[in-house]
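The file coords.txt comes next; it holds compact mmCIF, C-alpha atoms and all ligand atoms.
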# COMPACT_ATOMS: atom_id res chain seq x y z
CA MET A 29 101.34 88.50 153.26
CA GLN A 30 98.11 87.25 154.78
CA PHE A 31 97.45 84.09 156.67
CA PHE A 32 94.64 81.85 155.49
CA HIS A 33 92.88 78.93 156.98
CA ASP A 34 93.37 75.91 154.79
CA PHE A 35 90.01 74.40 153.84
CA SER A 36 91.43 71.52 151.84
CA ASP A 37 90.89 67.98 153.03
CA GLU A 38 91.32 67.82 156.80
CA ARG A 39 91.89 64.07 156.72
CA ASN A 40 95.36 64.64 155.30
CA LYS A 41 96.39 66.58 158.38
CA THR A 42 96.49 63.67 160.77
CA TRP A 43 99.53 61.94 159.33
CA CYS A 44 103.07 62.74 158.24
CA TYR A 45 102.98 63.78 154.59
CA HIS A 46 106.39 62.18 153.99
CA CYS A 47 105.77 58.67 155.29
CA THR A 48 102.02 58.54 156.25
CA VAL A 49 102.73 57.57 159.86
CA THR A 50 99.91 58.75 162.16
CA LEU A 51 100.72 61.94 164.02
CA GLY A 52 99.72 62.36 167.64
CA VAL A 53 100.78 58.79 168.43
CA ASN A 54 104.37 59.30 167.32
CA SER A 55 106.53 62.26 168.26
CA THR A 56 106.25 65.13 165.85
CA ASN A 57 108.23 68.14 164.69
CA ARG A 58 107.19 71.35 163.03
CA GLU A 59 108.73 71.48 159.61
CA HIS A 60 109.26 74.81 157.90
CA ILE A 61 108.51 75.03 154.20
CA PRO A 62 111.02 75.65 152.77
CA THR A 63 113.90 74.68 155.05
CA LYS A 64 114.30 77.75 157.26
CA SER A 65 118.05 78.19 156.80
CA ILE A 66 117.54 78.75 153.05
CA LEU A 67 115.88 82.03 154.00
CA THR A 68 117.50 85.04 155.64
CA LYS A 69 116.58 86.81 158.87
CA PRO A 70 114.22 88.38 159.65
CA TYR A 71 112.07 85.48 158.44
CA PRO A 72 108.71 86.13 156.75
CA ALA A 73 105.97 86.51 159.35
CA ASN A 74 103.80 83.67 158.11
CA LEU A 75 106.35 81.10 157.08
CA PRO A 76 104.54 77.92 156.03
CA VAL A 77 104.80 75.19 158.66
CA ALA A 78 103.48 71.62 158.77
CA GLU A 79 103.56 68.86 161.37
CA VAL A 80 105.63 65.84 160.36
CA CYS A 81 106.94 62.84 162.26
CA ALA A 82 110.22 63.42 164.09
CA SER A 83 112.08 60.72 162.22
CA CYS A 84 111.32 62.20 158.77
CA ASN A 85 112.23 65.64 160.04
CA GLU A 86 115.62 64.47 161.35
CA HIS A 87 116.25 62.26 158.36
CA HIS A 88 116.79 65.30 156.14
CA SER A 89 118.96 67.35 158.45
CA LEU A 90 122.37 66.27 157.09
CA ASP A 91 121.27 66.82 153.50
CA GLU A 92 119.92 70.23 154.46
CA GLU A 93 123.18 71.20 156.08
CA TYR A 94 125.05 70.20 152.93
CA PHE A 95 122.56 72.05 150.72
CA ILE A 96 122.96 75.32 152.63
CA ALA A 97 126.72 74.98 152.86
CA PHE A 98 127.04 74.27 149.15
CA LEU A 99 124.68 77.09 148.16
CA SER A 100 126.51 79.56 150.37
CA ALA A 101 129.90 78.48 148.99
CA VAL A 102 128.73 78.88 145.40
CA LEU A 103 127.17 82.29 146.05
CA THR A 104 130.37 83.37 147.79
CA GLY A 105 132.87 81.64 145.52
CA SER A 106 134.67 80.19 148.52
CA THR A 107 134.28 78.05 151.64
CA ASP A 108 136.02 80.59 153.88
CA PRO A 109 133.65 80.95 156.86
CA ASN A 110 134.36 84.67 157.25
CA SER A 111 133.25 85.65 153.77
CA GLN A 112 130.05 83.60 153.41
CA GLU A 113 127.07 85.19 151.67
CA LEU A 114 124.64 83.24 153.84
CA LYS A 115 124.79 83.50 157.62
CA ALA A 116 123.88 79.84 157.91
CA GLY A 117 126.85 79.02 155.66
CA ARG A 118 129.17 80.99 157.91
CA SER A 119 128.19 79.02 160.98
CA ILE A 120 128.26 75.64 159.21
CA PHE A 121 131.76 76.18 157.79
CA SER A 122 133.03 77.51 161.15
CA ARG A 123 131.99 74.48 163.15
CA ASN A 124 132.07 71.66 160.61
CA LYS A 125 135.55 71.26 159.10
CA ALA A 126 134.70 67.92 157.47
CA LEU A 127 131.79 69.43 155.60
CA ARG A 128 133.92 72.38 154.56
CA GLN A 129 136.46 69.96 153.07
CA ARG A 130 133.71 68.05 151.39
CA VAL A 131 132.28 71.16 149.72
CA GLU A 132 135.79 72.38 148.88
CA SER A 133 136.32 69.10 147.01
CA ASN A 134 133.24 69.94 144.89
CA LYS A 135 135.13 72.97 143.55
CA ARG A 136 137.00 72.68 140.28
CA GLU A 137 139.20 75.30 138.68
CA TYR A 138 139.99 75.38 135.01
CA GLN A 139 141.76 77.63 132.55
CA THR A 140 139.78 79.28 129.78
CA TYR A 141 141.28 79.65 126.30
CA GLY A 142 141.85 83.28 127.19
CA GLY A 143 144.05 82.19 130.10
CA GLN A 144 141.52 83.10 132.79
CA THR A 145 140.96 80.85 135.78
CA ASN A 146 137.32 79.90 136.17
CA VAL A 147 135.71 78.03 139.01
CA VAL A 148 132.88 75.53 138.74
CA TRP A 149 131.17 73.68 141.55
CA ASP A 150 129.87 70.14 141.16
CA PRO A 151 127.34 69.41 143.89
CA GLU A 152 126.54 66.00 145.34
CA LEU A 153 123.30 65.87 143.41
CA ASP A 154 121.58 63.18 145.47
CA ARG A 155 121.83 65.42 148.54
CA ILE A 156 120.67 68.50 146.66
CA HIS A 157 117.77 66.56 145.14
CA SER A 158 116.69 65.18 148.49
CA VAL A 159 116.27 68.71 149.90
CA VAL A 160 114.60 70.03 146.75
CA LEU A 161 112.15 67.12 146.80
CA LYS A 162 111.39 67.56 150.48
CA ASN A 163 110.64 71.25 150.04
CA ALA A 164 108.52 70.60 146.95
CA GLN A 165 106.52 67.97 148.85
CA GLY A 166 106.04 70.54 151.58
CA HIS A 167 104.84 73.22 149.17
CA ALA A 168 102.43 70.82 147.45
CA PHE A 169 101.05 69.66 150.78
CA TYR A 170 100.79 73.09 152.35
CA GLU A 171 99.43 74.93 149.33
CA ASN A 172 97.27 72.24 147.78
CA GLY A 173 96.45 70.01 150.75
CA GLU A 174 97.74 66.97 148.91
CA PRO A 175 100.58 64.71 150.09
CA MET A 176 102.87 63.71 147.21
CA LEU A 177 103.93 60.20 148.11
CA ASP A 178 104.80 58.87 144.65
CA GLU A 179 108.22 59.15 143.07
CA PRO A 180 108.28 62.37 141.05
CA LYS A 181 108.50 62.18 137.26
CA ALA A 182 111.32 64.70 137.29
CA ILE A 183 113.62 66.62 139.62
CA THR A 184 115.77 69.30 138.01
CA VAL A 185 118.11 71.83 139.55
CA PHE A 186 120.10 74.41 137.60
CA PRO A 187 121.76 77.80 138.10
CA LEU A 188 119.83 80.52 136.27
CA ALA A 189 123.05 82.20 135.13
CA THR A 190 124.17 79.22 133.03
CA ALA A 191 120.73 78.23 131.71
CA THR A 192 119.99 78.36 128.00
CA GLU A 193 117.27 80.62 126.58
CA GLU A 194 115.10 77.53 125.99
CA GLN A 195 115.58 76.30 129.52
CA LEU A 196 114.60 79.68 130.95
CA ALA A 197 111.62 80.01 128.63
CA SER A 198 110.28 76.61 129.59
CA PHE A 199 110.91 77.18 133.29
CA PHE A 200 109.16 80.54 133.45
CA SER A 201 106.45 79.93 130.85
CA GLY A 202 102.78 79.37 131.58
CA SER A 203 102.32 82.13 134.12
CA ASP A 204 99.37 83.69 132.30
CA GLY A 205 96.44 81.86 133.87
CA LEU A 206 96.40 78.17 134.62
CA ALA A 207 94.81 75.52 132.46
CA VAL A 208 93.99 73.48 135.52
CA TRP A 209 93.09 75.34 138.69
CA PRO A 210 94.09 74.26 142.15
CA GLU A 211 91.51 72.83 144.50
CA VAL A 212 88.93 75.37 145.59
CA GLY A 213 89.68 76.48 149.13
CA SER A 214 93.31 75.44 148.95
CA ARG A 215 95.85 77.96 150.15
CA TRP A 216 97.33 78.36 146.68
CA MET A 217 93.91 79.20 145.25
CA GLN A 218 93.28 81.72 148.01
CA ARG A 219 96.67 83.29 147.51
CA MET A 220 96.02 83.66 143.78
CA VAL A 221 92.70 85.36 144.40
CA GLU A 222 93.49 87.48 147.41
CA GLU A 223 97.22 88.13 147.75
CA GLN A 224 99.39 90.60 145.88
CA CYS A 225 102.66 88.74 146.41
CA PHE A 226 103.04 87.30 142.91
CA ASP A 227 105.69 88.51 140.48
CA ASN A 228 105.40 88.78 136.70
CA ASP A 229 106.50 85.16 136.30
CA GLY A 230 103.55 84.02 138.43
CA PHE A 231 105.83 83.08 141.31
CA TYR A 232 104.74 83.69 144.88
CA ILE A 233 107.38 85.84 146.58
CA LEU A 234 107.97 84.41 150.04
CA GLN A 235 111.05 86.58 150.60
CA PRO A 236 112.18 89.12 147.97
CA ASP A 237 115.43 88.12 146.17
CA VAL A 238 115.68 85.07 148.45
CA TYR A 239 112.84 82.66 147.77
CA ARG A 240 109.92 82.49 145.38
CA TYR A 241 107.87 79.52 144.23
CA ARG A 242 105.10 78.50 141.89
CA LEU A 243 102.71 75.56 141.75
CA GLU A 244 101.27 74.27 138.49
CA PHE A 245 98.44 71.81 138.05
CA GLU A 246 98.54 70.87 134.41
CA GLY A 247 98.90 67.12 133.88
CA GLY A 248 99.90 66.58 137.51
CA VAL A 249 101.46 68.77 140.18
CA THR A 250 104.64 70.74 139.53
CA VAL A 251 106.53 72.82 142.08
CA LYS A 252 109.12 75.36 140.90
CA THR A 253 111.32 77.50 143.11
CA VAL A 254 113.94 80.19 142.60
CA ILE A 255 116.42 80.35 145.47
CA HIS A 256 118.52 83.50 146.02
CA GLU A 257 117.82 84.39 142.38
CA TYR A 258 120.57 81.88 141.62
CA LEU A 259 119.18 78.37 141.71
CA ALA A 260 116.11 77.14 139.87
CA THR A 261 114.44 73.94 141.05
CA TYR A 262 111.71 71.93 139.40
CA VAL A 263 109.85 68.88 140.72
CA ALA A 264 107.01 67.30 138.73
CA TRP A 265 104.63 64.48 139.68
ZN ZN B 301 107.27 60.73 158.57

Render the structure in this file as C-alpha cells.
Amino acid sequence: MQFFHDFSDERNKTWCYHCTVTLGVNSTNREHIPTKSILTKPYPANLPVAEVCASCNEHHSLDEEYFIAFLSAVLTGSTDPNSQELKAGRSIFSRNKALRQRVESNKREYQTYGGQTNVVWDPELDRIHSVVLKNAQGHAFYENGEPMLDEPKAITVFPLATATEEQLASFFSGSDGLAVWPEVGSRWMQRMVEEQCFDNDGFYILQPDVYRYRLEFEGGVTVKTVIHEYLATYVAW
C-alpha cells in the first residue's frame, strides 16, 4: 500500500467532517477510518486517519464498543471472553459484564424442523448503523475529499452468508469501470490508477480477510464495506 497526498479541496480540511465545527479552535482527535478495533493487529501501515472534533469522536465510542462486541460474538457464536474470535471482543467481554449481558440477550436459539438447535443474533440496529454510517462518512471524506453531512438515502447491513443471490449480485455488481469517476486528484482516484490492492469485486483491500471497501459515484456517493468476510455494509447518499 502506498501513501498519497490528497489534492482534493483543502478547504474541507479545516473543520470536523461530522459536525462542521472549526478545528484548531476546538480540541481535536485523530479518527481512524475505519474504527481501529474492527481491524486486527498488526494494523495496516497507512491506516486512513482524519482530524475530527473531540466531541464527535467520543460520541461514537459506546456504539463502537457495542459493534465490536456484537461482531465478535457472532463470529465466535458465543459471548465467552476466552473464546472470542476478535481480540477486541475478548477484552470488552472480560471487563464489561453489562455489555456482555446485553449482547447475550441479542442471541436467540430455535429448533429447526430437523430437531437441530440453531442460533440467530438480532443486533441493536441503531447502534450498528451509527458505526457503519460514521465509517462510511470517513471513507467518503478521506477518499473523495467530500464531507457527507446529509442524511443518507440508505444504510444496509447484512451477513454475506444469509444473503440471497440477488442481494449479493447487486452488492458486488458494477466493479467493471465506473460510470462516474471520482474527483481528479482524490485519493480514491489515485488508488485506482496507481495501487494494486483491489480485488476482483473492485474493493480496496485494507486488510486481507478483515476489511475491504469500495466507493461508487453513480447518482451520488455510495460506500460499501465487507468486514471479516462476514458482514456487508452499504451507505448511499
Ligand atoms: Zn465534530

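Of the listed residues (A:Gln195, A:Thr140, A:Asn134, A:Thr68), A:Thr68 comes nearest to Glu113 (chain A); the distances count only C-alpha atoms.
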
*List the neighbours of region 54-61 of chain A out to 8 Å using only C-alpha atoms; skip same-chain residues closer than 6 positions along the sequence, and give me the result as a ChimeraX atom specification.*
/A:75-82,85,163,166-167

Selection export as a PDB file, keeping the file's coordinate frame, atoms kept: C-alpha atoms:
ATOM      1  CA  LEU A  75     106.350  81.100 157.080  1.00  0.00           C
ATOM      2  CA  PRO A  76     104.540  77.920 156.030  1.00  0.00           C
ATOM      3  CA  VAL A  77     104.800  75.190 158.660  1.00  0.00           C
ATOM      4  CA  ALA A  78     103.480  71.620 158.770  1.00  0.00           C
ATOM      5  CA  GLU A  79     103.560  68.860 161.370  1.00  0.00           C
ATOM      6  CA  VAL A  80     105.630  65.840 160.360  1.00  0.00           C
ATOM      7  CA  CYS A  81     106.940  62.840 162.260  1.00  0.00           C
ATOM      8  CA  ALA A  82     110.220  63.420 164.090  1.00  0.00           C
ATOM      9  CA  ASN A  85     112.230  65.640 160.040  1.00  0.00           C
ATOM     10  CA  ASN A 163     110.640  71.250 150.040  1.00  0.00           C
ATOM     11  CA  GLY A 166     106.040  70.540 151.580  1.00  0.00           C
ATOM     12  CA  HIS A 167     104.840  73.220 149.170  1.00  0.00           C
TER      13      HIS A 167
END

Kindly provide, as AutoDock Vina command-line options, the centre and edge lengths (Å, one decimal) of an axis-aligned box around all atoms of region 186-195 of chain A given in the file, with 6 Å on each side.
--center_x 119.6 --center_y 78.3 --center_z 132.0 --size_x 21.1 --size_y 19.8 --size_z 24.1

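Residues of protein, DNA or RNA having any atom at most 6 Å from ligand ZN 301 (chain B), counting only C-alpha atoms and all ligand atoms, are A:Cys44, A:His46, A:Cys47, A:Val49, A:Val80, A:Cys81, A:Cys84.
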
*Non-local contacts of Asp227 (chain A) (12 Å; only C-alpha atoms; under 5 positions in same chain excluded) as a list in words*: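 Result of the neighbour search: Phe200, Ser203, Asp204, Met220, Tyr232, Ile233, Leu234, Gln235, Pro236, Asp237, Tyr239, Arg240, Tyr241, Arg242 and Val254 of chain A.
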
*Atomic distance CA of Ser133 (chain A) - CA of Thr190 (chain A), expressed in Å with one decimal*: 21.1 Å

*Take the point (109.3, 56.5, 146.9) as written in the file and pick out every residue within 12 Å of it, counting only C-alpha atoms; give the list as a PyMOL selection string.*
chain A and resi 46-47+158+161-162+165+176-181+265

*Quick one: everything within 12 Å of Leu196 (chain A), counting only C-alpha atoms, minus sequence neighbours fewer than 4 positions away in the same chain. Send it as a ChimeraX atom specification.*
/A:186-192,200-202,229,254,259-262

*For CA of Asn146 (chain A) and CA of Thr104 (chain A), determine how far apart the two atoms are, in Å to one decimal place.*
14.0 Å

*Select, counting only C-alpha atoms, all protein, DNA and RNA residues no farther than 12 Å from (99.3, 70.6, 148.6) in file coordinates, and express the selection as a count of residues only.*
42

*Near-Trp149 (chain A) list (10 Å; only C-alpha atoms; drop same-chain fewer than 2 positions) as a PyMOL selection string*: chain A and resi 98-99+101-102+105+131-137+147+151-152

*Would you work out the distance separating CA of Leu127 (chain A) from CA of Tyr94 (chain A), expressed in Å to one decimal?*
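Atom-to-atom, CA of Leu127 (chain A) to CA of Tyr94 (chain A), that is 7.3 Å.
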
*Compare A:Asp108, A:Gly117, A:Asn228, A:Lys252 by their minimum atom-to-atom distance to Ser198 (chain A), counting only C-alpha atoms, and give me the closest one.*
A:Lys252

Could you complete region 211-231 of chain A so that it carries N, CA and C atoms, and give it back as a PDB file, in the frame of the given file?
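This went into selection-v3.pdb:
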ATOM      1  N   GLU A 211      92.725  73.148 143.756  1.00  0.00           N
ATOM      2  CA  GLU A 211      91.510  72.830 144.500  1.00  0.00           C
ATOM      3  C   GLU A 211      90.914  74.088 145.122  1.00  0.00           C
ATOM      4  N   VAL A 212      89.608  74.222 144.995  1.00  0.00           N
ATOM      5  CA  VAL A 212      88.930  75.370 145.590  1.00  0.00           C
ATOM      6  C   VAL A 212      89.122  75.329 147.106  1.00  0.00           C
ATOM      7  N   GLY A 213      89.482  76.448 147.684  1.00  0.00           N
ATOM      8  CA  GLY A 213      89.680  76.480 149.130  1.00  0.00           C
ATOM      9  C   GLY A 213      91.103  76.176 149.537  1.00  0.00           C
ATOM     10  N   SER A 214      91.917  75.701 148.599  1.00  0.00           N
ATOM     11  CA  SER A 214      93.310  75.440 148.950  1.00  0.00           C
ATOM     12  C   SER A 214      94.021  76.773 149.171  1.00  0.00           C
ATOM     13  N   ARG A 215      95.112  76.721 149.872  1.00  0.00           N
ATOM     14  CA  ARG A 215      95.850  77.960 150.150  1.00  0.00           C
ATOM     15  C   ARG A 215      96.334  78.618 148.862  1.00  0.00           C
ATOM     16  N   TRP A 216      96.798  77.805 147.930  1.00  0.00           N
ATOM     17  CA  TRP A 216      97.330  78.360 146.680  1.00  0.00           C
ATOM     18  C   TRP A 216      96.244  79.133 145.933  1.00  0.00           C
ATOM     19  N   MET A 217      95.043  78.545 145.904  1.00  0.00           N
ATOM     20  CA  MET A 217      93.910  79.200 145.250  1.00  0.00           C
ATOM     21  C   MET A 217      93.593  80.524 145.943  1.00  0.00           C
ATOM     22  N   GLN A 218      93.575  80.491 147.265  1.00  0.00           N
ATOM     23  CA  GLN A 218      93.280  81.720 148.010  1.00  0.00           C
ATOM     24  C   GLN A 218      94.345  82.786 147.795  1.00  0.00           C
ATOM     25  N   ARG A 219      95.584  82.339 147.767  1.00  0.00           N
ATOM     26  CA  ARG A 219      96.670  83.290 147.510  1.00  0.00           C
ATOM     27  C   ARG A 219      96.473  83.961 146.157  1.00  0.00           C
ATOM     28  N   MET A 220      96.157  83.133 145.141  1.00  0.00           N
ATOM     29  CA  MET A 220      96.020  83.660 143.780  1.00  0.00           C
ATOM     30  C   MET A 220      94.918  84.713 143.710  1.00  0.00           C
ATOM     31  N   VAL A 221      93.845  84.458 144.452  1.00  0.00           N
ATOM     32  CA  VAL A 221      92.700  85.360 144.400  1.00  0.00           C
ATOM     33  C   VAL A 221      92.918  86.603 145.259  1.00  0.00           C
ATOM     34  N   GLU A 222      93.515  86.410 146.422  1.00  0.00           N
ATOM     35  CA  GLU A 222      93.490  87.480 147.410  1.00  0.00           C
ATOM     36  C   GLU A 222      94.815  88.148 147.726  1.00  0.00           C
ATOM     37  N   GLU A 223      95.938  87.546 147.352  1.00  0.00           N
ATOM     38  CA  GLU A 223      97.220  88.130 147.750  1.00  0.00           C
ATOM     39  C   GLU A 223      97.893  88.835 146.582  1.00  0.00           C
ATOM     40  N   GLN A 224      98.709  89.805 146.914  1.00  0.00           N
ATOM     41  CA  GLN A 224      99.390  90.600 145.880  1.00  0.00           C
ATOM     42  C   GLN A 224     100.876  90.250 145.815  1.00  0.00           C
ATOM     43  N   CYS A 225     101.226  89.071 146.281  1.00  0.00           N
ATOM     44  CA  CYS A 225     102.660  88.740 146.410  1.00  0.00           C
ATOM     45  C   CYS A 225     103.224  87.980 145.219  1.00  0.00           C
ATOM     46  N   PHE A 226     102.539  88.041 144.066  1.00  0.00           N
ATOM     47  CA  PHE A 226     103.040  87.300 142.910  1.00  0.00           C
ATOM     48  C   PHE A 226     103.837  88.226 141.996  1.00  0.00           C
ATOM     49  N   ASP A 227     104.913  87.700 141.414  1.00  0.00           N
ATOM     50  CA  ASP A 227     105.690  88.510 140.480  1.00  0.00           C
ATOM     51  C   ASP A 227     105.193  88.265 139.047  1.00  0.00           C
ATOM     52  N   ASN A 228     105.853  88.886 138.087  1.00  0.00           N
ATOM     53  CA  ASN A 228     105.400  88.780 136.700  1.00  0.00           C
ATOM     54  C   ASN A 228     105.540  87.385 136.122  1.00  0.00           C
ATOM     55  N   ASP A 229     106.350  86.550 136.748  1.00  0.00           N
ATOM     56  CA  ASP A 229     106.500  85.160 136.300  1.00  0.00           C
ATOM     57  C   ASP A 229     105.458  84.252 136.953  1.00  0.00           C
ATOM     58  N   GLY A 230     104.563  84.833 137.761  1.00  0.00           N
ATOM     59  CA  GLY A 230     103.550  84.020 138.430  1.00  0.00           C
ATOM     60  C   GLY A 230     104.088  83.290 139.650  1.00  0.00           C
ATOM     61  N   PHE A 231     105.252  83.693 140.117  1.00  0.00           N
ATOM     62  CA  PHE A 231     105.830  83.080 141.310  1.00  0.00           C
ATOM     63  C   PHE A 231     105.351  83.844 142.558  1.00  0.00           C
TER      64      PHE A 231
END
